[in-house]
Amino acid sequence: MEKVLEVKDLHVTFTTYGGEVQAVRGVSFDLYKGETLAIVGESGCGKSVTSQSIMRLIPSPPGRIADGAVQFKGKDLTKLKESEMRDIRGADISMIFQDPMTALNPTITVGEQIIEGIMQHETISRQDARKKTLEMLNLVGIPNPSERLKHYPHQFSGGMRQRIVIAMALVCEPEVLIADEPTTALDVTIQAQILDLFKDIQKKTGVSIIIITHDLGVVAQVADRIAVMYAGKIVEAGERREIFYKPQHPYTKGLLNSVPRLDLDGADLIPIGGSPPDLFAPPAGCPFAARCNFAMEVCDRVYPYKTHLSRDHHVDCWLQDERAQKMLAGVK
Amino acid sequence: MTGYIMKRLIAMIITLWFIITLTFFLMHSIPGSPFNEERNTSEAVQRNLEKFYHLDEPLYVQYGMYLKSVVTFDFGPSIKKSSQTVNEMLGRGFPVSFELGIVTLIVAVFSGIALGIIAALRHNGFIDYLAMTIAVLGISVPNFVLATLLIQQLAVNLAILPVATWSSPKHMILPTLALATGPMAIIARLTRSSMLEVLTQDYIKTAKAKGLSPVKIVFKHALRNALLPVVTVLGSLAASILTGTFVIEKIFAIPGMGKYFVESINTRDYPVIMGTTVFYSSILIIMLFLVDIAYGILDPRIKLHKKEAS
């Protein structure tokens with residue numbers, strides 16, 4: 001499979017009055033053509049910062065990509081000039097934000113907001129840009145697009161606005177689409193429609209999608225692969241089935257346990273006790289150790305090595321360390 | 001749209017009627033009359049004069065006659081300068097005041113917005129602090145103080161600009177500066193804070209994610225939204241500029257309307273008081289109306305008319 005995007009050991013820090021917040025602490029992942037990668041984790045784990053760093057959209061200052069590389073089409077995006085980066089934004093890599101109610105400019109017609117994106121990146125007449133916009137609005141399921149083009153965002157419902165945002169992101173046929181909690185602000189039925197739309201569009205255009213969410217239901221519906229983030233690191237990653245059926249990291253297990261389930265009639269949710277560590281001074285060892293039921297001394301002191309469980313599935317946890325498996329084999 | 005304008009016109013007329021009524025009765029409740037002076041005029045002459053100007057009639061009759069004259073746009077002759085009608089005074093004074101007011105408004109709006117944008121884009125930088133220091137000074141220093149300072153420094157000490165009067169563009173610089181600084185400062189502060197707020201909005205992030213250039217983001221996406229609060233204060237700012245012209249006209253000896261206005265109150269020149277008040281109020285009301293129209297053009301969410309889009 002063709003690799004589209006490669007994030008290598010990404011570190012992002014924010015300088016604040018209280019000190020440096022290490023929001024992302026060495027994140028690496030690959031994105032392949034036509035797949036959907038879900039990055040999941042609780043609030044503040046660094047998933048949004050990771051995605052915005054790929055686009056170089058973190059507010060700077062205070063934000064800063066301290067280390068690492070983002071390889072895209074043979075270029076390291078972290079090293080590009082701002083003007084070169086602008087050519088990539090919207091054309092090669094697009095982004096969708098969480099709240100469609102605020103993501104569109106209230107004083108500009110939706111048509112103009114889509115057309116200006118096309119005109120920015122392509123040498124194309126206004127007429128053709130408009131035609132392209134109409135096609136795109138059709139594709140995302142806006143009824144009567146030639147009329148709707150002239151309307152302002154406040155004349156659309158939330159679901160329709162998110163469709164427009166998606167149309168806006170895809171109109172220049174990007175290779176990568178980053179969707180930061182694209183369905184969080186929508187109600188459940190609209191959520192399902194939008195997720196279907198993602199799948200549909202991916203089939204038609206072959207775009208690779210990074211979807212950022214804390215909603216495991218969304219993940220189950222659209223993701224091919226899943227990366228679980230905790231305290232600025234990817235602690236476990238793998239194919240969807242592997243993560244859902246064979247989670248290995250205690251945090252992943254905890255996340256899955258805390259999802260409401262219909263089959264456990266009446267049983268309480270099982271929350272993960274405690275709260276994430278302070279990223280001003282992240283712990284030297286595993287950041288989850290303080291909340292982990294299986295923590296050992298080594299977990300507190302040394303960050304676990306990456307253990308590969310299969311071709312795609314890997315986990316950062318001492319419990320899964322190969323040497324323990326070998327020891328076990330020796331005893332047998 | 002026409003329906004809305006019609007409604008507003010009716011409201012404007014009612015407002016104007018309130019102002020006329022209030023001014024009329026307030027004016028007549030001030031003790032004294034135009035003919036109370038040191039100069040000894042005989043009882044008979046006074047009575048004749050009062051009869052001539054209908055001042056001997058009961059107040060409600062005078063009020064009725066006045067309303068009639070307003071409707072016909074004839075404010076009558078001045079009592080003190082009997083060779084002139086109020087209409088002539090307005091015709092002579094207003095163009096000058098209008099010129100000063102408009103130039104001031106344009107200078108204040110454009111420089112204020114520019115200063116606000118620069119300050120917002122260089123948030124917490126040197127330029128920001130400099131611009132805001134100027135703005136605070138502009139708000140706190142009254143325009144008559146600024147006017148005298150400007151005259152002293154630029155006209156007297158450096159002698160690069162004329163001291164007073166209104167005869168060439170060069171003469172316009174000092175009065176305009178003195179009058180525009182306050183409103184400019186208010187607009188600059190408002191633009192800055194509203195720009196800072198708009199720049200953190202999600203749709204600005206969306207615009208960035210589209211790959212738009214900073215210039216496009218600021219002028220196409222941010223400014224229009226940031227200007228909404230600025231437009232809101234524009235109506236009342238225009239009012240303060242209008243009233244500010246009285247003082248400035250006095251200081252710079254500009255032959256505008258302010259002179260007539262102040263004089264007429266001192267001498268109880270009833271027709272001139274009424275004429276200038278009605279005239280100024282009309283201008284103000286029209287300004288506020290224009291601001292509302294501008295608001296509707298800037299922000300499509302504000303509907304001025306009932307035509308509902310499906």
# chains A, B, ... in the order shown; residues from 1 in each chain; ligands from 1
$ select_by_dssp --residues "range 202-252 of chain A" --states "helix (DSSP H, G or I)" --output "ChimeraX atom specification"
/A:202-205,216-222,240-245,250-252
$ write_last_selection --atoms "C-alpha atoms" --output "PDB file, in the first residue's frame"
ATOM      1  CA  GLN A 202     -13.605   8.069   0.199  1.00  0.00           C
ATOM      2  CA  LYS A 203     -14.792   5.344  -2.160  1.00  0.00           C
ATOM      3  CA  LYS A 204     -15.305   7.881  -4.950  1.00  0.00           C
ATOM      4  CA  THR A 205     -12.158   9.952  -4.516  1.00  0.00           C
ATOM      5  CA  LEU A 216     -15.520   4.982  19.957  1.00  0.00           C
ATOM      6  CA  GLY A 217     -18.842   4.505  18.185  1.00  0.00           C
ATOM      7  CA  VAL A 218     -17.625   6.750  15.377  1.00  0.00           C
ATOM      8  CA  VAL A 219     -14.333   4.871  15.293  1.00  0.00           C
ATOM      9  CA  ALA A 220     -16.064   1.520  14.968  1.00  0.00           C
ATOM     10  CA  GLN A 221     -18.080   2.836  12.061  1.00  0.00           C
ATOM     11  CA  VAL A 222     -15.409   4.398   9.864  1.00  0.00           C
ATOM     12  CA  ARG A 240      -9.740  -1.723  13.972  1.00  0.00           C
ATOM     13  CA  ARG A 241     -10.583  -5.358  14.764  1.00  0.00           C
ATOM     14  CA  GLU A 242      -7.378  -5.860  16.709  1.00  0.00           C
ATOM     15  CA  ILE A 243      -7.976  -2.801  18.846  1.00  0.00           C
ATOM     16  CA  PHE A 244     -11.616  -3.571  19.516  1.00  0.00           C
ATOM     17  CA  TYR A 245     -11.265  -7.320  20.068  1.00  0.00           C
ATOM     18  CA  PRO A 250      -4.610  -1.167  29.956  1.00  0.00           C
ATOM     19  CA  TYR A 251      -5.657   2.325  28.827  1.00  0.00           C
ATOM     20  CA  THR A 252      -7.241   1.019  25.615  1.00  0.00           C
TER      21      THR A 252
END
$ residues_around --residues "range 250-255 of chain B" --least-positions-apart "6" --cutoff "7 Å" --atoms "only C-alpha atoms" --output "JSON, numbers by chain"
{"B": [93, 96, 164, 165, 166, 175]}
$ write_last_selection --atoms "N, CA and C atoms" --output "PDB file, in the first residue's frame"
ATOM      1  N   GLY B  93     -24.594  78.412   7.146  1.00  0.00           N
ATOM      2  CA  GLY B  93     -23.742  77.755   8.146  1.00  0.00           C
ATOM      3  C   GLY B  93     -23.568  76.268   7.919  1.00  0.00           C
ATOM      4  N   VAL B  96     -20.629  74.602   5.751  1.00  0.00           N
ATOM      5  CA  VAL B  96     -19.318  74.653   6.406  1.00  0.00           C
ATOM      6  C   VAL B  96     -19.221  73.590   7.500  1.00  0.00           C
ATOM      7  N   ALA B 164      -6.522  80.053  12.430  1.00  0.00           N
ATOM      8  CA  ALA B 164      -7.967  79.891  12.465  1.00  0.00           C
ATOM      9  C   ALA B 164      -8.577  80.150  11.095  1.00  0.00           C
ATOM     10  N   THR B 165      -9.882  80.225  11.095  1.00  0.00           N
ATOM     11  CA  THR B 165     -10.752  80.426   9.915  1.00  0.00           C
ATOM     12  C   THR B 165     -10.777  79.219   8.979  1.00  0.00           C
ATOM     13  N   TRP B 166     -11.598  79.354   7.967  1.00  0.00           N
ATOM     14  CA  TRP B 166     -11.950  78.208   7.137  1.00  0.00           C
ATOM     15  C   TRP B 166     -11.938  78.650   5.693  1.00  0.00           C
ATOM     16  N   PRO B 175      -8.493  72.049  12.687  1.00  0.00           N
ATOM     17  CA  PRO B 175      -9.804  71.722  13.264  1.00  0.00           C
ATOM     18  C   PRO B 175     -10.169  70.251  13.089  1.00  0.00           C
TER      19      PRO B 175
END
$ residues_around --residues "His221 in chain B" --least-positions-apart "4" --cutoff "12 Å" --atoms "only C-alpha atoms" --output "number ranges by chain"
A: 103-109, 112-113, 116; B: 195, 198-208, 212-217, 225-227, 298
$ write_last_selection --atoms "N, CA and C atoms" --output "mmCIF file, in the first residue's frame"
data_model
loop_
_atom_site.group_PDB
_atom_site.id
_atom_site.type_symbol
_atom_site.label_atom_id
_atom_site.label_comp_id
_atom_site.auth_asym_id
_atom_site.auth_seq_id
_atom_site.Cartn_x
_atom_site.Cartn_y
_atom_site.Cartn_z
ATOM 1 N N ALA A 103 -17.619 27.150 11.976
ATOM 2 C CA ALA A 103 -16.508 26.967 11.035
ATOM 3 C C ALA A 103 -16.707 27.740 9.742
ATOM 4 N N LEU A 104 -17.915 28.234 9.517
ATOM 5 C CA LEU A 104 -18.173 28.999 8.300
ATOM 6 C C LEU A 104 -18.313 30.472 8.636
ATOM 7 N N ASN A 105 -17.817 31.306 7.755
ATOM 8 C CA ASN A 105 -17.907 32.750 7.976
ATOM 9 C C ASN A 105 -19.350 33.214 7.784
ATOM 10 N N PRO A 106 -19.931 33.818 8.830
ATOM 11 C CA PRO A 106 -21.360 34.163 8.766
ATOM 12 C C PRO A 106 -21.696 35.265 7.770
ATOM 13 N N THR A 107 -20.699 36.023 7.315
ATOM 14 C CA THR A 107 -21.016 37.165 6.464
ATOM 15 C C THR A 107 -20.704 36.922 4.986
ATOM 16 N N ILE A 108 -20.310 35.706 4.643
ATOM 17 C CA ILE A 108 -19.988 35.414 3.243
ATOM 18 C C ILE A 108 -20.846 34.229 2.791
ATOM 19 N N THR A 109 -21.349 34.285 1.572
ATOM 20 C CA THR A 109 -22.192 33.185 1.094
ATOM 21 C C THR A 109 -21.366 31.897 1.034
ATOM 22 N N GLU A 112 -19.382 31.435 -2.198
ATOM 23 C CA GLU A 112 -18.144 32.207 -2.265
ATOM 24 C C GLU A 112 -17.062 31.563 -1.401
ATOM 25 N N GLN A 113 -17.468 31.026 -0.255
ATOM 26 C CA GLN A 113 -16.472 30.427 0.640
ATOM 27 C C GLN A 113 -15.842 29.185 0.019
ATOM 28 N N GLU A 116 -13.695 30.541 -3.332
ATOM 29 C CA GLU A 116 -12.419 31.214 -3.060
ATOM 30 C C GLU A 116 -11.306 30.208 -2.792
ATOM 31 N N MET B 195 -11.458 42.856 16.456
ATOM 32 C CA MET B 195 -10.586 42.115 15.527
ATOM 33 C C MET B 195 -9.898 40.956 16.250
ATOM 34 N N VAL B 198 -12.418 38.250 16.662
ATOM 35 C CA VAL B 198 -12.747 37.576 15.398
ATOM 36 C C VAL B 198 -11.608 36.659 14.956
ATOM 37 N N LEU B 199 -10.356 37.098 15.182
ATOM 38 C CA LEU B 199 -9.219 36.305 14.704
ATOM 39 C C LEU B 199 -9.109 34.955 15.411
ATOM 40 N N THR B 200 -9.773 34.798 16.557
ATOM 41 C CA THR B 200 -9.723 33.495 17.230
ATOM 42 C C THR B 200 -10.901 32.619 16.818
ATOM 43 N N GLN B 201 -11.774 33.134 15.974
ATOM 44 C CA GLN B 201 -12.962 32.360 15.583
ATOM 45 C C GLN B 201 -12.579 31.176 14.712
ATOM 46 N N ASP B 202 -13.438 30.184 14.749
ATOM 47 C CA ASP B 202 -13.191 28.980 13.962
ATOM 48 C C ASP B 202 -13.120 29.255 12.463
ATOM 49 N N TYR B 203 -13.966 30.190 11.990
ATOM 50 C CA TYR B 203 -13.972 30.384 10.542
ATOM 51 C C TYR B 203 -12.687 31.007 10.029
ATOM 52 N N ILE B 204 -11.939 31.658 10.918
ATOM 53 C CA ILE B 204 -10.625 32.154 10.519
ATOM 54 C C ILE B 204 -9.670 30.970 10.364
ATOM 55 N N LYS B 205 -9.796 30.009 11.289
ATOM 56 C CA LYS B 205 -8.997 28.791 11.182
ATOM 57 C C LYS B 205 -9.349 28.058 9.888
ATOM 58 N N THR B 206 -10.642 28.016 9.575
ATOM 59 C CA THR B 206 -11.066 27.380 8.326
ATOM 60 C C THR B 206 -10.422 28.078 7.135
ATOM 61 N N ALA B 207 -10.433 29.404 7.168
ATOM 62 C CA ALA B 207 -9.848 30.163 6.062
ATOM 63 C C ALA B 207 -8.363 29.863 5.935
ATOM 64 N N LYS B 208 -7.679 29.734 7.078
ATOM 65 C CA LYS B 208 -6.260 29.381 7.049
ATOM 66 C C LYS B 208 -6.074 27.990 6.469
ATOM 67 N N LEU B 212 -5.633 30.263 2.322
ATOM 68 C CA LEU B 212 -5.737 31.673 1.924
ATOM 69 C C LEU B 212 -4.563 32.465 2.481
ATOM 70 N N SER B 213 -4.231 33.559 1.792
ATOM 71 C CA SER B 213 -3.123 34.392 2.246
ATOM 72 C C SER B 213 -3.576 35.251 3.420
ATOM 73 N N PRO B 214 -2.621 35.674 4.255
ATOM 74 C CA PRO B 214 -2.986 36.491 5.424
ATOM 75 C C PRO B 214 -3.771 37.737 5.045
ATOM 76 N N VAL B 215 -3.432 38.347 3.917
ATOM 77 C CA VAL B 215 -4.133 39.564 3.494
ATOM 78 C C VAL B 215 -5.615 39.259 3.269
ATOM 79 N N LYS B 216 -5.870 38.168 2.559
ATOM 80 C CA LYS B 216 -7.259 37.778 2.296
ATOM 81 C C LYS B 216 -7.986 37.447 3.584
ATOM 82 N N ILE B 217 -7.289 36.761 4.476
ATOM 83 C CA ILE B 217 -7.931 36.370 5.731
ATOM 84 C C ILE B 217 -8.329 37.611 6.515
ATOM 85 N N ASN B 225 -16.480 41.087 9.757
ATOM 86 C CA ASN B 225 -17.113 40.701 11.014
ATOM 87 C C ASN B 225 -16.686 41.621 12.150
ATOM 88 N N ALA B 226 -15.429 42.041 12.084
ATOM 89 C CA ALA B 226 -14.918 42.885 13.165
ATOM 90 C C ALA B 226 -15.540 44.277 13.128
ATOM 91 N N LEU B 227 -16.022 44.678 11.952
ATOM 92 C CA LEU B 227 -16.524 46.043 11.829
ATOM 93 C C LEU B 227 -17.940 46.218 12.381
ATOM 94 N N LEU B 298 -23.802 44.685 6.034
ATOM 95 C CA LEU B 298 -22.595 43.998 6.514
ATOM 96 C C LEU B 298 -22.905 42.604 7.037
#
$ closest_atom_pairs --of "chain B" --to "chain A" --cutoff "6 Å" --atoms "only C-alpha atoms" --output "Markdown table"
| residue | atom | partner | partner_atom | distance |
| --- | --- | --- | --- | --- |
| B:Asp202 | CA | A:Ala103 | CA | 4.9 |
| B:Tyr203 | CA | A:Ala103 | CA | 4.3 |
| B:Ala209 | CA | A:Arg89 | CA | 5.5 |
| B:Lys210 | CA | A:Gly90 | CA | 4.1 |
| B:Gly211 | CA | A:Arg86 | CA | 4.4 |
| B:Asp299 | CA | A:Thr107 | CA | 5.5 |
| B:Pro300 | CA | A:Thr107 | CA | 6.0 |
$ residues_around --residues "range 281-292 of chain B" --least-positions-apart "6" --cutoff "8 Å" --atoms "only C-alpha atoms" --output "ChimeraX atom specification"
/B:8,12,16,19,231-232,234-236,238-239
$ select_by_dssp --residues "range 13-252 of chain A" --states "strand (DSSP E or B)" --output "ChimeraX atom specification"
/A:13-16,19-32,36-40,63-72,75-76,89,93-96,176-180,208-213,225-230,233-239
$ decode --residues "range 252-323 of chain A" --atoms "C-alpha atoms" --output "PDB file, in the first residue's frame"
ATOM      1  CA  THR A 252      -7.241   1.019  25.615  1.00  0.00           C
ATOM      2  CA  LYS A 253      -9.032  -1.626  27.659  1.00  0.00           C
ATOM      3  CA  GLY A 254     -10.201   1.044  30.058  1.00  0.00           C
ATOM      4  CA  LEU A 255     -11.516   3.176  27.202  1.00  0.00           C
ATOM      5  CA  LEU A 256     -13.450   0.273  25.736  1.00  0.00           C
ATOM      6  CA  ASN A 257     -14.849  -0.654  29.139  1.00  0.00           C
ATOM      7  CA  SER A 258     -16.123   2.829  29.718  1.00  0.00           C
ATOM      8  CA  VAL A 259     -18.373   2.767  26.650  1.00  0.00           C
ATOM      9  CA  PRO A 260     -22.067   2.315  27.484  1.00  0.00           C
ATOM     10  CA  ARG A 261     -23.239  -1.102  26.324  1.00  0.00           C
ATOM     11  CA  LEU A 262     -26.694  -2.370  25.564  1.00  0.00           C
ATOM     12  CA  ASP A 263     -25.868  -5.998  26.365  1.00  0.00           C
ATOM     13  CA  LEU A 264     -24.769  -5.297  29.934  1.00  0.00           C
ATOM     14  CA  ASP A 265     -28.241  -4.552  31.111  1.00  0.00           C
ATOM     15  CA  GLY A 266     -28.302  -2.159  34.030  1.00  0.00           C
ATOM     16  CA  ALA A 267     -24.628  -2.575  34.871  1.00  0.00           C
ATOM     17  CA  ASP A 268     -22.763   0.606  35.724  1.00  0.00           C
ATOM     18  CA  LEU A 269     -20.133   2.020  33.396  1.00  0.00           C
ATOM     19  CA  ILE A 270     -16.604   1.207  34.396  1.00  0.00           C
ATOM     20  CA  PRO A 271     -14.689   4.489  34.441  1.00  0.00           C
ATOM     21  CA  ILE A 272     -10.910   4.826  34.447  1.00  0.00           C
ATOM     22  CA  GLY A 273      -9.993   6.170  37.868  1.00  0.00           C
ATOM     23  CA  GLY A 274      -7.796   9.233  38.303  1.00  0.00           C
ATOM     24  CA  SER A 275      -6.897  11.856  35.748  1.00  0.00           C
ATOM     25  CA  PRO A 276      -4.193  12.293  33.080  1.00  0.00           C
ATOM     26  CA  PRO A 277      -0.755  13.527  34.178  1.00  0.00           C
ATOM     27  CA  ASP A 278       0.324  17.136  34.151  1.00  0.00           C
ATOM     28  CA  LEU A 279       2.051  17.781  30.843  1.00  0.00           C
ATOM     29  CA  PHE A 280       4.137  20.615  32.299  1.00  0.00           C
ATOM     30  CA  ALA A 281       6.211  17.889  33.900  1.00  0.00           C
ATOM     31  CA  PRO A 282       5.285  14.572  32.320  1.00  0.00           C
ATOM     32  CA  PRO A 283       6.356  11.473  34.274  1.00  0.00           C
ATOM     33  CA  ALA A 284       9.560   9.743  33.248  1.00  0.00           C
ATOM     34  CA  GLY A 285       7.872   6.368  33.013  1.00  0.00           C
ATOM     35  CA  CYS A 286       4.571   5.330  31.538  1.00  0.00           C
ATOM     36  CA  PRO A 287       2.155   8.270  31.891  1.00  0.00           C
ATOM     37  CA  PHE A 288      -0.671   5.870  32.582  1.00  0.00           C
ATOM     38  CA  ALA A 289       1.126   4.074  35.424  1.00  0.00           C
ATOM     39  CA  ALA A 290      -0.555   6.133  38.135  1.00  0.00           C
ATOM     40  CA  ARG A 291      -3.989   5.047  36.919  1.00  0.00           C
ATOM     41  CA  CYS A 292      -3.068   1.531  35.864  1.00  0.00           C
ATOM     42  CA  ASN A 293      -4.199  -1.469  37.919  1.00  0.00           C
ATOM     43  CA  PHE A 294      -1.250  -3.512  36.697  1.00  0.00           C
ATOM     44  CA  ALA A 295       1.527  -0.985  37.176  1.00  0.00           C
ATOM     45  CA  MET A 296       4.940  -2.255  38.242  1.00  0.00           C
ATOM     46  CA  GLU A 297       7.946  -0.366  39.487  1.00  0.00           C
ATOM     47  CA  VAL A 298       9.470  -0.315  36.039  1.00  0.00           C
ATOM     48  CA  CYS A 299       6.363   1.419  34.712  1.00  0.00           C
ATOM     49  CA  ASP A 300       6.976   4.372  37.002  1.00  0.00           C
ATOM     50  CA  ARG A 301      10.633   4.686  36.117  1.00  0.00           C
ATOM     51  CA  VAL A 302      11.075   3.859  32.430  1.00  0.00           C
ATOM     52  CA  TYR A 303       8.831   4.572  29.474  1.00  0.00           C
ATOM     53  CA  PRO A 304       7.903   1.184  27.951  1.00  0.00           C
ATOM     54  CA  TYR A 305       9.497   0.066  24.707  1.00  0.00           C
ATOM     55  CA  LYS A 306       7.312  -0.395  21.690  1.00  0.00           C
ATOM     56  CA  THR A 307       6.197  -3.997  21.319  1.00  0.00           C
ATOM     57  CA  HIS A 308       4.989  -5.193  17.919  1.00  0.00           C
ATOM     58  CA  LEU A 309       2.203  -7.703  18.271  1.00  0.00           C
ATOM     59  CA  SER A 310       1.479  -8.066  14.569  1.00  0.00           C
ATOM     60  CA  ARG A 311       2.325  -6.229  11.360  1.00  0.00           C
ATOM     61  CA  ASP A 312       0.247  -3.198  12.318  1.00  0.00           C
ATOM     62  CA  HIS A 313      -0.572  -3.701  15.944  1.00  0.00           C
ATOM     63  CA  HIS A 314       1.912  -2.221  18.393  1.00  0.00           C
ATOM     64  CA  VAL A 315       1.684  -1.162  22.003  1.00  0.00           C
ATOM     65  CA  ASP A 316       3.796   0.786  24.488  1.00  0.00           C
ATOM     66  CA  CYS A 317       3.376  -1.305  27.627  1.00  0.00           C
ATOM     67  CA  TRP A 318       5.788  -3.268  29.796  1.00  0.00           C
ATOM     68  CA  LEU A 319       3.142  -5.935  30.274  1.00  0.00           C
ATOM     69  CA  GLN A 320       3.489  -6.830  26.604  1.00  0.00           C
ATOM     70  CA  ASP A 321       7.274  -6.738  26.493  1.00  0.00           C
ATOM     71  CA  GLU A 322       8.741  -9.583  24.446  1.00  0.00           C
ATOM     72  CA  ARG A 323      11.338 -10.372  27.087  1.00  0.00           C
TER      73      ARG A 323
END
